[in-house]
>>> print(open('query_8.txt').read())   # compact mmCIF, C-alpha atoms
# COMPACT_ATOMS: atom_id res chain seq x y z
CA MET A 1 1.25 14.42 -9.21
CA LYS A 2 -2.19 15.50 -10.35
CA THR A 3 -5.56 13.89 -9.71
CA HIS A 4 -6.49 11.14 -12.14
CA TYR A 5 -10.04 10.23 -13.08
CA PHE A 6 -11.30 6.91 -14.42
CA GLU A 7 -10.55 7.79 -18.05
CA ASP A 8 -6.94 8.66 -17.20
CA PHE A 9 -6.11 5.05 -16.33
CA SER A 10 -5.21 2.11 -18.55
CA VAL A 11 -4.60 -1.56 -17.81
CA GLY A 12 -0.89 -2.13 -17.23
CA GLN A 13 -0.22 1.48 -16.24
CA THR A 14 2.19 1.75 -13.29
CA PHE A 15 2.95 4.40 -10.70
CA GLU A 16 5.85 4.42 -8.23
CA SER A 17 6.06 6.29 -4.97
CA GLY A 18 9.10 7.79 -3.35
CA GLY A 19 10.93 5.81 -0.69
CA ARG A 20 10.32 5.70 3.04
CA THR A 21 12.65 4.25 5.67
CA LEU A 22 10.93 2.25 8.41
CA THR A 23 12.06 3.46 11.81
CA GLU A 24 12.15 2.29 15.40
CA ALA A 25 9.45 4.88 16.10
CA ASP A 26 7.23 3.35 13.38
CA LEU A 27 7.57 -0.08 14.99
CA THR A 28 6.88 1.23 18.50
CA PHE A 29 3.96 3.47 17.53
CA PHE A 30 2.35 0.66 15.53
CA SER A 31 2.74 -1.72 18.49
CA MET A 32 1.07 0.88 20.70
CA LEU A 33 -1.73 1.58 18.22
CA SER A 34 -2.48 -2.05 17.41
CA GLY A 35 -1.75 -3.54 20.83
CA ASP A 36 0.42 -6.17 19.09
CA TRP A 37 3.45 -6.59 21.34
CA ASN A 38 4.38 -10.04 20.06
CA PRO A 39 8.02 -10.72 21.01
CA ILE A 40 9.00 -11.03 17.34
CA HIS A 41 8.30 -7.27 17.18
CA ALA A 42 9.05 -6.10 20.71
CA ASP A 43 11.74 -8.30 22.28
CA ALA A 44 15.19 -7.96 20.69
CA GLU A 45 16.64 -10.91 22.65
CA TYR A 46 13.80 -13.22 21.64
CA ALA A 47 13.90 -12.05 18.00
CA ALA A 48 17.67 -12.65 17.86
CA SER A 49 16.99 -16.34 18.51
CA THR A 50 14.58 -16.66 15.54
CA ARG A 51 15.48 -17.43 11.96
CA PHE A 52 15.24 -13.70 11.19
CA GLY A 53 17.89 -12.78 13.78
CA LYS A 54 16.23 -9.50 14.67
CA ARG A 55 12.83 -7.94 15.29
CA LEU A 56 10.32 -7.79 12.46
CA VAL A 57 8.22 -4.78 11.57
CA HIS A 58 4.51 -5.73 11.62
CA GLY A 59 3.30 -6.93 8.24
CA VAL A 60 0.11 -4.94 8.59
CA LEU A 61 2.22 -1.81 9.08
CA GLY A 62 3.51 -2.45 5.55
CA MET A 63 -0.08 -2.37 4.29
CA ALA A 64 -0.68 0.91 6.10
CA VAL A 65 2.52 2.38 4.62
CA CYS A 66 1.21 1.44 1.16
CA THR A 67 -1.94 3.49 1.70
CA GLY A 68 0.16 6.43 2.87
CA MET A 69 2.30 6.17 -0.23
CA LEU A 70 -0.87 6.29 -2.35
CA HIS A 71 -1.70 9.58 -0.67
CA GLU A 72 1.80 10.86 -1.44
CA MET A 73 1.33 10.03 -5.14
CA GLY A 74 -1.74 12.28 -5.28
CA ILE A 75 -3.36 10.42 -8.17
CA PHE A 76 -6.61 9.76 -6.29
CA HIS A 77 -6.99 13.17 -4.59
CA GLY A 78 -10.51 14.33 -5.35
CA SER A 79 -11.43 11.31 -7.49
CA ALA A 80 -11.54 8.33 -5.10
CA ILE A 81 -14.99 7.33 -3.88
CA ALA A 82 -14.42 4.08 -1.98
CA MET A 83 -11.84 1.33 -1.62
CA PHE A 84 -13.32 -2.18 -1.81
CA GLY A 85 -10.74 -3.80 0.45
CA PHE A 86 -7.57 -5.84 0.17
CA GLU A 87 -7.46 -9.25 -1.51
CA ASP A 88 -4.82 -11.94 -1.86
CA TRP A 89 -2.34 -9.96 0.24
CA LYS A 90 0.94 -11.80 0.70
CA PHE A 91 3.87 -11.08 2.98
CA THR A 92 6.63 -12.41 0.72
CA ALA A 93 9.68 -11.25 2.69
CA PRO A 94 10.23 -9.77 6.15
CA LEU A 95 10.27 -6.06 6.96
CA PHE A 96 12.92 -4.73 9.35
CA VAL A 97 13.65 -1.42 11.03
CA GLY A 98 15.97 0.42 8.65
CA ASP A 99 14.42 -0.99 5.47
CA THR A 100 13.59 1.63 2.84
CA VAL A 101 10.47 0.72 0.91
CA HIS A 102 8.47 2.16 -1.96
CA LEU A 103 5.19 1.29 -3.63
CA ARG A 104 4.66 0.16 -7.20
CA LEU A 105 0.99 0.41 -8.12
CA THR A 106 -0.23 -1.28 -11.31
CA ILE A 107 -3.69 -0.89 -12.81
CA THR A 108 -5.01 -4.39 -13.53
CA GLU A 109 -8.64 -3.83 -14.49
CA LEU A 110 -11.05 -1.10 -15.61
CA SER A 111 -14.82 -1.36 -15.43
CA LEU A 112 -16.98 1.69 -16.16
CA GLY A 113 -20.14 1.96 -14.06
CA LYS A 114 -23.62 2.04 -15.60
CA SER A 115 -24.14 5.74 -14.83
CA GLY A 116 -20.88 6.74 -16.50
CA ARG A 117 -20.03 8.82 -13.42
CA SER A 118 -17.68 6.30 -11.85
CA GLY A 119 -15.79 3.13 -12.54
CA LYS A 120 -13.91 0.39 -10.74
CA LEU A 121 -10.15 0.12 -10.93
CA GLY A 122 -8.33 -3.11 -10.16
CA ARG A 123 -4.97 -2.32 -8.57
CA ARG A 124 -1.93 -4.41 -7.67
CA PHE A 125 0.19 -3.13 -4.81
CA GLU A 126 3.83 -4.18 -4.59
CA LEU A 127 5.81 -2.96 -1.60
CA ILE A 128 9.47 -3.11 -2.62
CA ASN A 129 12.50 -2.86 -0.32
CA GLN A 130 15.90 -1.26 -0.91
CA LYS A 131 17.22 -4.52 -2.42
CA GLY A 132 14.50 -4.50 -5.10
CA GLU A 133 12.66 -7.39 -3.42
CA VAL A 134 8.87 -7.40 -3.37
CA VAL A 135 8.14 -7.78 0.35
CA GLN A 136 4.35 -7.47 0.10
CA ASP A 137 1.98 -7.97 -2.79
CA GLY A 138 -1.77 -7.75 -3.05
CA LEU A 139 -4.84 -6.43 -4.80
CA SER A 140 -7.24 -3.64 -3.94
CA GLY A 141 -10.22 -2.41 -5.93
CA LEU A 142 -11.18 1.25 -5.96
CA LEU A 143 -14.29 3.07 -7.09
CA VAL A 144 -13.19 6.31 -8.74
CA GLN A 145 -15.02 9.19 -10.40
CA THR A 146 -15.01 9.94 -14.10
CA ARG A 147 -14.54 13.56 -15.10
CA ALA A 148 -18.29 13.80 -15.78
CA GLY A 149 -18.98 12.34 -12.33
CA ALA A 150 -16.70 14.87 -10.69
CA GLN A 151 -18.39 17.75 -12.53
CA ALA A 152 -21.86 16.47 -11.57
CA ALA A 153 -20.81 16.31 -7.90
CA GLN A 154 -19.91 20.01 -7.85
>>> encode(input="query_8.txt", output="structure tokens")
Amino acid sequence: MKTHYFEDFSVGQTFESGGRTLTEADLTFFSMLSGDWNPIHADAEYAASTRFGKRLVHGVLGMAVCTGMLHEMGIFHGSAIAMFGFEDWKFTAPLFVGDTVHLRLTITELSLGKSGRSGKLGRRFELINQKGEVVQDGLSGLLVQTRAGAQAAQ
């Protein structure tokens, strides 16, 4: 997909990534990186005794996968300036090793900056599993260049 600038977006516009299967390696590497070895993630015997019946993939790993899927889409290559953060993020269903997820990104808000060189996008992230269930949902604002802003930066 090609780079999009502020004027290429509209409220309600959606983008969908390709799928990605969460693996045992993802779970282990994320445990190592984060230092989160909670038994719900790391101990199969313990996790089998919980209501989930098996180990959960870290919820925050789902957020990280979303940002990777944004990169895969390519729509912000060369136009993104800064992400404002995550808001109202909800873990609505568990993630498991073997789940295949994809990202649905919806533009929720547009606000052109005073200079006309950038604008703020409101974005809704929905991480969706192979069953079509939204497993994570949240908002993230992004400051993005306009075409004029990109030309001025060159």
>>> atom_distance(input="query_8.txt", atom1="CA of Ile75 (chain A)", atom2="CA of Asp8 (chain A)")
9.9 Å
>>> atom_distance(input="query_8.txt", atom1="CA of Phe91 (chain A)", atom2="CA of Cys66 (chain A)")
12.9 Å
>>> closest_residue(input="query_8.txt", among="A:Gly12, A:Gly53, A:Gly59, A:Pro39", to="Leu127 (chain A)", atoms="only C-alpha atoms")
A:Gly59
>>> residues_around(input="query_8.txt", residues="Val135 (chain A)", least_positions_apart="6", cutoff="7 Å", atoms="all atoms listed in the file", output="list in words")
Phe91, Thr92, Ala93, Pro94, Leu127, Ile128 and Asn129 of chain A
>>> closest_residue(input="query_8.txt", among="A:Asp36, A:Glu16, A:Asp43, A:Glu7", to="Arg104 (chain A)", atoms="only C-alpha atoms")
A:Glu16
>>> atom_distance(input="query_8.txt", atom1="CA of Met63 (chain A)", atom2="CA of Gly78 (chain A)")
21.9 Å
>>> closest_atom_pairs(input="query_8.txt", of="region 7-90 of chain A", to="region 138-153 of chain A", cutoff="9 Å", atoms="all atoms listed in the file", output="CSV")
residue,atom,partner,partner_atom,distance
A:Glu7,CA,A:Thr146,CA,6.3
A:Asp8,CA,A:Thr146,CA,8.7
A:Phe76,CA,A:Val144,CA,7.8
A:Gly78,CA,A:Ala150,CA,8.2
A:Ser79,CA,A:Gln145,CA,5.1
A:Ala80,CA,A:Val144,CA,4.5
A:Ile81,CA,A:Val144,CA,5.3
A:Ala82,CA,A:Leu143,CA,5.2
A:Met83,CA,A:Leu142,CA,4.4
A:Phe84,CA,A:Gly141,CA,5.2
A:Gly85,CA,A:Ser140,CA,5.6
A:Phe86,CA,A:Ser140,CA,4.7
A:Glu87,CA,A:Leu139,CA,5.1
A:Asp88,CA,A:Gly138,CA,5.3
A:Trp89,CA,A:Gly138,CA,4.0
A:Lys90,CA,A:Gly138,CA,6.1
>>> residues_near_point(input="query_8.txt", point="(4.3, 2.5, 14.7)", cutoff="12 Å", atoms="all atoms listed in the file", output="list in words")
Leu22, Thr23, Glu24, Ala25, Asp26, Leu27, Thr28, Phe29, Phe30, Ser31, Met32, Leu33, Ser34, Gly35, Asp36, Trp37, His41, Ala42, Val57, His58, Gly59, Val60, Leu61, Gly62, Ala64, Val65 and Val97 of chain A
>>> residues_around(input="query_8.txt", residues="Leu105 (chain A)", least_positions_apart="6", cutoff="7 Å", atoms="all atoms listed in the file", output="list in words")
Thr14, Phe15, Glu16, Arg123, Arg124, Phe125 and Glu126 of chain A
>>> closest_residue(input="query_8.txt", among="A:Leu95, A:Leu103, A:Leu70, A:Val134", to="Lys54 (chain A)", atoms="all atoms listed in the file")
A:Leu95
>>> closest_residue(input="query_8.txt", among="A:Ser111, A:Arg20, A:His71, A:Val101", to="Gln136 (chain A)", atoms="only C-alpha atoms")
A:Val101
